[in-house]
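Shown here: input11.csv, CSV, C-alpha atoms and all ligand atoms.
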```csv
chain,number,residue,atom,x,y,z
D,12,MET,CA,28.8,-3.1,31.4
D,13,GLY,CA,26.0,-0.7,30.4
D,14,LYS,CA,26.5,2.5,28.5
D,15,TYR,CA,27.1,5.4,30.7
D,16,VAL,CA,24.2,7.7,31.2
D,17,ILE,CA,24.2,10.9,33.3
D,18,ALA,CA,20.7,12.2,33.9
D,19,GLY,CA,19.6,15.3,35.8
D,20,ASN,CA,16.4,15.1,37.8
D,21,TRP,CA,15.4,18.7,38.3
D,22,LYS,CA,12.4,17.6,40.4
D,23,MET,CA,9.9,20.5,41.0
D,24,ASN,CA,12.3,23.3,40.0
D,25,LYS,CA,12.6,25.9,37.2
D,26,THR,CA,10.0,27.7,35.1
D,27,PRO,CA,10.0,27.2,31.3
D,28,ALA,CA,12.1,30.3,30.8
D,29,GLU,CA,14.5,29.2,33.5
D,30,ALA,CA,14.7,25.7,32.0
D,31,THR,CA,15.8,27.2,28.7
D,32,GLU,CA,18.4,29.3,30.5
D,33,LEU,CA,19.8,26.3,32.3
D,34,ILE,CA,19.9,24.1,29.3
D,35,GLU,CA,21.6,26.8,27.3
D,36,ALA,CA,24.2,27.0,30.0
D,37,ILE,CA,24.7,23.2,30.1
D,38,LYS,CA,24.8,22.6,26.4
D,39,PRO,CA,28.3,23.9,25.6
D,40,LEU,CA,29.7,22.3,28.8
D,41,VAL,CA,28.7,18.8,27.8
D,42,LYS,CA,28.9,18.9,24.0
D,43,ASP,CA,32.0,16.6,24.0
D,44,ALA,CA,30.5,14.1,26.5
D,45,THR,CA,31.3,10.4,25.9
D,46,CYS,CA,28.2,9.3,27.8
D,47,ASP,CA,24.5,10.0,27.2
D,48,VAL,CA,23.3,13.1,28.8
D,49,VAL,CA,19.6,13.6,29.9
D,50,VAL,CA,17.7,16.4,31.7
D,51,GLY,CA,14.6,15.4,33.6
D,52,VAL,CA,12.3,18.4,33.8
D,53,PRO,CA,8.9,19.3,35.1
D,54,PHE,CA,6.0,18.6,32.6
D,55,VAL,CA,5.4,22.3,32.0
D,56,ASP,CA,9.1,22.7,31.0
D,57,LEU,CA,9.1,19.9,28.4
D,58,CYS,CA,8.3,22.2,25.4
D,59,ALA,CA,11.0,24.7,26.3
D,60,ALA,CA,13.5,21.9,27.0
D,61,LEU,CA,12.8,20.1,23.8
D,62,GLU,CA,13.3,23.3,21.9
D,63,ALA,CA,16.5,24.2,23.8
D,64,VAL,CA,18.2,20.8,23.3
D,65,LYS,CA,17.6,20.8,19.5
D,66,GLY,CA,20.8,20.0,17.7
D,67,SER,CA,22.6,19.1,20.9
D,68,ASN,CA,23.6,15.8,22.5
D,69,ILE,CA,21.1,16.2,25.4
D,70,GLY,CA,18.0,14.1,25.8
D,71,VAL,CA,14.9,15.2,27.7
D,72,ALA,CA,13.0,13.1,30.3
D,73,ALA,CA,9.7,13.6,32.0
D,74,GLN,CA,9.5,12.7,35.7
D,75,ASN,CA,6.5,10.5,35.6
D,76,CYS,CA,3.6,9.2,33.4
D,77,HIS,CA,0.2,7.6,33.8
D,78,TRP,CA,-0.4,4.0,32.8
D,79,GLU,CA,-3.5,4.7,30.6
D,80,LYS,CA,-3.3,6.2,27.2
D,81,SER,CA,-6.1,8.7,27.9
D,82,GLY,CA,-9.2,9.0,29.9
D,83,ALA,CA,-10.8,10.5,33.0
D,84,TYR,CA,-7.6,11.0,35.1
D,85,THR,CA,-7.6,14.7,36.0
D,86,GLY,CA,-4.1,16.1,36.4
D,87,GLU,CA,-2.3,13.1,34.8
D,88,ILE,CA,-0.1,12.9,31.7
D,89,SER,CA,0.1,9.8,29.5
D,90,ALA,CA,3.2,8.2,28.0
D,91,GLU,CA,1.6,8.6,24.6
D,92,MET,CA,1.4,12.4,25.2
D,93,LEU,CA,5.0,12.5,26.1
D,94,LYS,CA,6.1,10.5,23.1
D,95,ALA,CA,3.9,12.7,20.8
D,96,MET,CA,5.8,15.8,22.0
D,97,GLY,CA,9.1,14.3,21.2
D,98,VAL,CA,10.2,13.3,24.8
D,99,GLY,CA,12.6,10.4,24.8
D,100,TYR,CA,12.8,9.4,28.5
D,101,VAL,CA,10.6,9.1,31.6
D,102,ILE,CA,11.8,8.7,35.2
D,103,LEU,CA,9.5,6.2,37.0
D,104,GLY,CA,9.3,5.0,40.6
D,105,HIS,CA,11.3,7.8,42.1
D,106,SER,CA,11.2,7.5,45.9
D,107,GLU,CA,9.7,10.9,46.2
D,108,ARG,CA,6.7,9.7,44.1
D,109,ARG,CA,6.6,6.4,46.1
D,110,THR,CA,6.8,8.3,49.5
D,111,TYR,CA,4.6,11.4,48.8
D,112,PHE,CA,2.3,10.4,46.0
D,113,GLY,CA,1.4,6.8,46.6
D,114,ASP,CA,3.3,5.2,43.8
D,115,THR,CA,3.7,1.4,44.5
D,116,ASP,CA,5.7,-1.4,42.9
D,117,VAL,CA,2.5,-2.3,41.1
D,118,THR,CA,1.7,1.1,39.7
D,119,VAL,CA,5.3,1.5,38.7
D,120,GLN,CA,5.0,-1.8,36.8
D,121,LYS,CA,1.9,-0.4,35.0
D,122,ARG,CA,3.6,2.9,34.2
D,123,MET,CA,6.6,0.9,32.9
D,124,ARG,CA,4.3,-1.0,30.5
D,125,ALA,CA,2.7,2.2,29.2
D,126,ALA,CA,6.1,4.0,28.8
D,127,LEU,CA,7.6,1.1,26.9
D,128,ASP,CA,4.5,0.6,24.7
D,129,ALA,CA,4.7,4.3,23.8
D,130,GLY,CA,8.3,3.9,22.8
D,131,LEU,CA,9.9,5.8,25.7
D,132,THR,CA,13.1,4.9,27.5
D,133,VAL,CA,12.5,4.5,31.2
D,134,ILE,CA,14.8,5.5,34.1
D,135,LEU,CA,13.5,3.2,36.8
D,136,CYS,CA,14.3,4.2,40.3
D,137,VAL,CA,14.8,1.6,43.1
D,138,GLY,CA,16.2,2.0,46.6
D,139,GLU,CA,15.8,1.3,50.3
D,140,TYR,CA,14.8,3.5,53.2
D,141,LEU,CA,17.3,3.9,56.0
D,142,GLU,CA,15.3,1.6,58.3
D,143,GLN,CA,15.5,-1.1,55.6
D,144,ARG,CA,19.3,-0.8,55.3
D,145,GLU,CA,19.6,-0.9,59.1
D,146,GLN,CA,17.5,-4.1,59.1
D,147,GLY,CA,19.8,-5.7,56.5
D,148,VAL,CA,17.1,-6.0,53.8
D,149,THR,CA,18.6,-3.6,51.2
D,150,GLY,CA,19.2,-6.4,48.8
D,151,GLU,CA,15.7,-7.9,49.2
D,152,VAL,CA,14.1,-4.5,48.8
D,153,CYS,CA,16.0,-3.5,45.7
D,154,ALA,CA,15.6,-6.9,44.1
D,155,MET,CA,11.9,-6.9,44.8
D,156,GLN,CA,11.4,-3.4,43.3
D,157,THR,CA,13.4,-4.3,40.3
D,158,LYS,CA,11.6,-7.6,39.7
D,159,ILE,CA,8.1,-6.2,40.0
D,160,ALA,CA,8.9,-3.1,37.8
D,161,LEU,CA,10.4,-5.4,35.1
D,162,GLY,CA,7.5,-7.9,35.3
D,163,GLY,CA,6.3,-8.4,31.7
D,164,VAL,CA,9.2,-6.5,30.2
D,165,SER,CA,10.8,-8.5,27.4
D,166,LYS,CA,14.6,-8.8,26.9
D,167,GLU,CA,14.2,-6.6,23.8
D,168,GLU,CA,12.4,-3.9,25.7
D,169,LEU,CA,15.0,-4.1,28.5
D,170,ALA,CA,17.3,-2.2,26.1
D,171,ARG,CA,15.1,0.8,26.8
D,172,VAL,CA,15.3,0.5,30.5
D,173,ILE,CA,17.9,2.2,32.7
D,174,ILE,CA,17.9,1.4,36.4
D,175,ALA,CA,18.8,4.0,39.0
D,176,TYR,CA,19.8,2.8,42.4
D,177,GLU,CA,18.8,5.6,44.8
D,178,PRO,CA,19.1,4.8,48.5
D,179,VAL,CA,16.4,7.0,50.0
D,180,TRP,CA,18.6,8.1,52.9
D,181,ALA,CA,21.1,9.5,50.4
D,182,ILE,CA,18.6,11.7,48.5
D,183,GLY,CA,18.9,15.4,49.1
D,184,THR,CA,20.6,14.7,52.4
D,185,GLY,CA,24.2,15.3,51.4
D,186,ARG,CA,24.8,11.8,52.8
D,187,THR,CA,26.1,9.9,49.8
D,188,ALA,CA,26.4,6.1,49.8
D,189,THR,CA,30.1,5.1,49.9
D,190,ALA,CA,31.4,4.0,46.5
D,191,GLU,CA,31.5,0.5,47.9
D,192,GLN,CA,27.9,0.6,49.1
D,193,ALA,CA,26.8,2.0,45.8
D,194,ASN,CA,28.7,-0.7,43.8
D,195,GLU,CA,27.5,-3.5,46.0
D,196,VAL,CA,23.8,-2.7,45.4
D,197,CYS,CA,24.3,-1.9,41.7
D,198,ALA,CA,26.0,-5.3,41.3
D,199,LEU,CA,23.1,-7.0,43.2
D,200,ILE,CA,20.6,-5.3,40.9
D,201,ARG,CA,22.6,-6.5,37.9
D,202,GLU,CA,22.5,-10.1,39.3
D,203,THR,CA,18.7,-9.7,39.7
D,204,VAL,CA,18.5,-8.7,36.0
D,205,ALA,CA,20.7,-11.7,35.1
D,206,GLY,CA,18.2,-13.9,37.0
D,207,LEU,CA,15.2,-12.5,35.2
D,208,TYR,CA,16.9,-12.5,31.7
D,209,ASP,CA,20.4,-13.7,31.2
D,210,GLY,CA,24.0,-12.6,31.6
D,211,ASP,CA,24.1,-10.6,28.3
D,212,ALA,CA,21.1,-8.6,29.3
D,213,ALA,CA,22.6,-8.0,32.7
D,214,ALA,CA,25.9,-6.9,31.3
D,215,ALA,CA,24.2,-4.5,28.8
D,216,VAL,CA,21.8,-2.8,31.2
D,217,THR,CA,22.8,0.7,32.5
D,218,ILE,CA,22.7,0.9,36.2
D,219,GLN,CA,23.0,4.4,37.7
D,220,TYR,CA,23.7,5.5,41.2
D,221,GLY,CA,21.7,8.5,42.6
D,222,GLY,CA,21.7,10.3,45.9
D,223,SER,CA,23.8,13.3,46.7
D,224,MET,CA,26.1,12.7,43.8
D,225,ASN,CA,28.0,15.8,43.1
D,226,ALA,CA,31.1,17.3,41.4
D,227,ALA,CA,33.4,16.2,44.2
D,228,ASN,CA,32.3,12.6,44.7
D,229,ALA,CA,31.2,11.6,41.1
D,230,ALA,CA,34.5,10.3,39.8
D,231,GLU,CA,34.9,7.8,42.6
D,232,LEU,CA,31.3,6.6,42.4
D,233,LEU,CA,31.4,6.4,38.6
D,234,ALA,CA,34.7,4.4,38.7
D,235,GLN,CA,33.0,1.5,40.3
D,236,SER,CA,32.6,-1.6,38.2
D,237,ASP,CA,28.8,-1.8,38.4
D,238,VAL,CA,28.0,1.9,38.4
D,239,ASP,CA,27.2,3.0,34.8
D,240,GLY,CA,26.1,6.5,35.5
D,241,GLY,CA,24.2,8.8,37.8
D,242,LEU,CA,20.8,10.3,38.4
D,243,ILE,CA,21.6,13.7,39.8
D,244,GLY,CA,19.2,15.9,41.8
D,245,GLY,CA,20.6,19.1,43.3
D,246,ALA,CA,23.9,19.2,41.4
D,247,SER,CA,22.0,19.0,38.1
D,248,LEU,CA,20.7,22.5,38.6
D,249,LYS,CA,24.3,23.8,38.6
D,250,PRO,CA,25.7,23.8,35.1
D,251,GLN,CA,29.3,23.5,36.0
D,252,ASP,CA,28.8,20.8,38.6
D,253,PHE,CA,26.6,18.8,36.2
D,254,ALA,CA,29.2,19.1,33.5
D,255,THR,CA,31.9,18.0,35.9
D,256,ILE,CA,29.8,14.9,36.7
D,257,VAL,CA,29.3,14.2,32.9
D,258,ALA,CA,33.0,14.5,32.3
D,259,ALA,CA,33.7,12.0,35.1
D,260,ALA,CA,31.5,9.4,33.3
D,261,LYS,CA,34.0,7.8,31.0
D,301,LIG,P1,20.1,14.6,45.1
D,301,LIG,O1,21.2,14.5,44.1
D,301,LIG,O2,19.6,16.0,45.3
D,301,LIG,O3,20.4,13.9,46.4
D,301,LIG,O4,18.8,13.8,44.5
D,301,LIG,C1,19.0,12.5,43.9
D,301,LIG,C2,17.8,12.1,43.2
D,301,LIG,O5,16.8,12.0,43.9
D,301,LIG,C3,17.8,12.0,41.8
D,301,LIG,O6,16.7,11.4,41.3
```
structure tokens encoding of this file:
Amino acid sequence: MGKYVIAGNWKMNKTPAEATELIEAIKPLVKDATCDVVVGVPFVDLCAALEAVKGSNIGVAAQNCHWEKSGAYTGEISAEMLKAMGVGYVILGHSERRTYFGDTDVTVQKRMRAALDAGLTVILCVGEYLEQREQGVTGEVCAMQTKIALGGVSKEELARVIIAYEPVWAIGTGRTATAEQANEVCALIRETVAGLYDGDAAAAVTIQYGGSMNAANAAELLAQSDVDGGLIGGASLKPQDFATIVAAAK
């Protein structure tokens, strides 16, 4: 299965000075990690974060990027700009962006193209709303989001794509998917990838679970056969909790 990756999504939290402080606290706690460790920080914290992670095993992610290289897009940041700074990863298609900021499967696909062209590694978020789960269409929703986002992505480029299954009803709610539910959908996403590419590509892709993953439930979720890591919101702001999750990813 894919290489384990534990990524924090700080969302709209922390000033640059606070970002430095938090990374300094995390660094010694995760230095012996056997998985990849990433922190996804607000745009204004990227400089401070890149400086703070120097010489460590922590990668830095932005939380979005625009699909054009440059132009009249007030308030936007391009993938090229992120790459030029030294950023390695970008989170795309997070449900908060889809819900509050109008991101769609099509714009996620365009952002994916730009991010891969710029040389970034993408953490692609997919996941169903509660109503969709209750209607029994979780599989269809996650497969569709995955297929559209990966439209035009070559098998070679797929090596720079991490997929995060984040059921919207589990994000920030304290209501985690059961390990079984998480594994079932991660397996289905892997099957979708197999259908688009082949079995090797599906076996190699990292599929994370995200949604109220914390220090207490991480070990069980990460022990599932198709869960290769986590995208962590709230608990990634607590150094000890984040380190416990990293340690559970073996
Ligand atoms: P929480 O861990 O706070 O539920 O957030 C999950 C998430 O949205 C990560 O991207």
Item to check | Shell of 7 Å around Asp252 (chain D), all atoms listed in the file, local chain residues under 3 positions omitted, as a VMD selection string | outcome: chain D and resid 225 to 226 246 249 255 to 256
task = Have a look at D:Lys14, D:Lys166, D:His77, D:Lys121 and name the one nearest to Gly206 (chain D); count all atoms listed in the file.
result =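 The answer is D:Lys166, which sits nearest to Gly206 (chain D).
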Surrounding residues as JSON, numbers by chain, ligand LIG 301 (chain D), max 9 Å, all atoms listed in the file:
{"D": [18, 19, 20, 21, 22, 51, 102, 105, 106, 107, 136, 175, 177, 178, 179, 180, 181, 182, 183, 184, 185, 186, 187, 220, 221, 222, 223, 224, 225, 241, 242, 243, 244, 245, 246, 247]}
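Among D:Ala229, D:Val204, D:Ala28, D:Leu135, the residue with the shortest atom-to-atom distance to Val55 (chain D), counting only C-alpha atoms, is D:Ala28.
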- Task: Give the answer as one residue: which of D:Val98, D:Ile173, D:Trp78, D:Met92 has the shortest atom-to-atom distance to Glu62 (chain D), using all atoms listed in the file?
- Result: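 Using all atoms listed in the file, the shortest distance to Glu62 (chain D) belongs to D:Val98.
Distance-wise, CA of Pro39 (chain D) and CA of Lys65 (chain D) end up 12.7 Å apart.
Between CA of Ile37 (chain D) and CA of Ala258 (chain D) lies a distance of 12.2 Å.
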Restricting to all atoms listed in the file, whichever of D:Asp114, D:Glu35, D:Asp47, D:Glu145 is closest to Val64 (chain D) is D:Glu35
In Å and to one decimal, CA of Ala44 (chain D) is distant from CA of Val257 (chain D) by 6.5 Å
Surrounding residues of region 188-198 of chain D excluding itself and chain neighbours under 5 positions, 8 Å, all atoms listed in the file, as a VMD selection string | chain D and resid 149 to 150 153 176 178 181 218 to 220 222 231 to 232 235 to 238
Worksheet entry | Protein, DNA and RNA residues within 10 Å of (2.9, 15.7, 33.4), all atoms listed in the file, as number ranges by chain | D: 52-57, 73-77, 86-90, 92-93
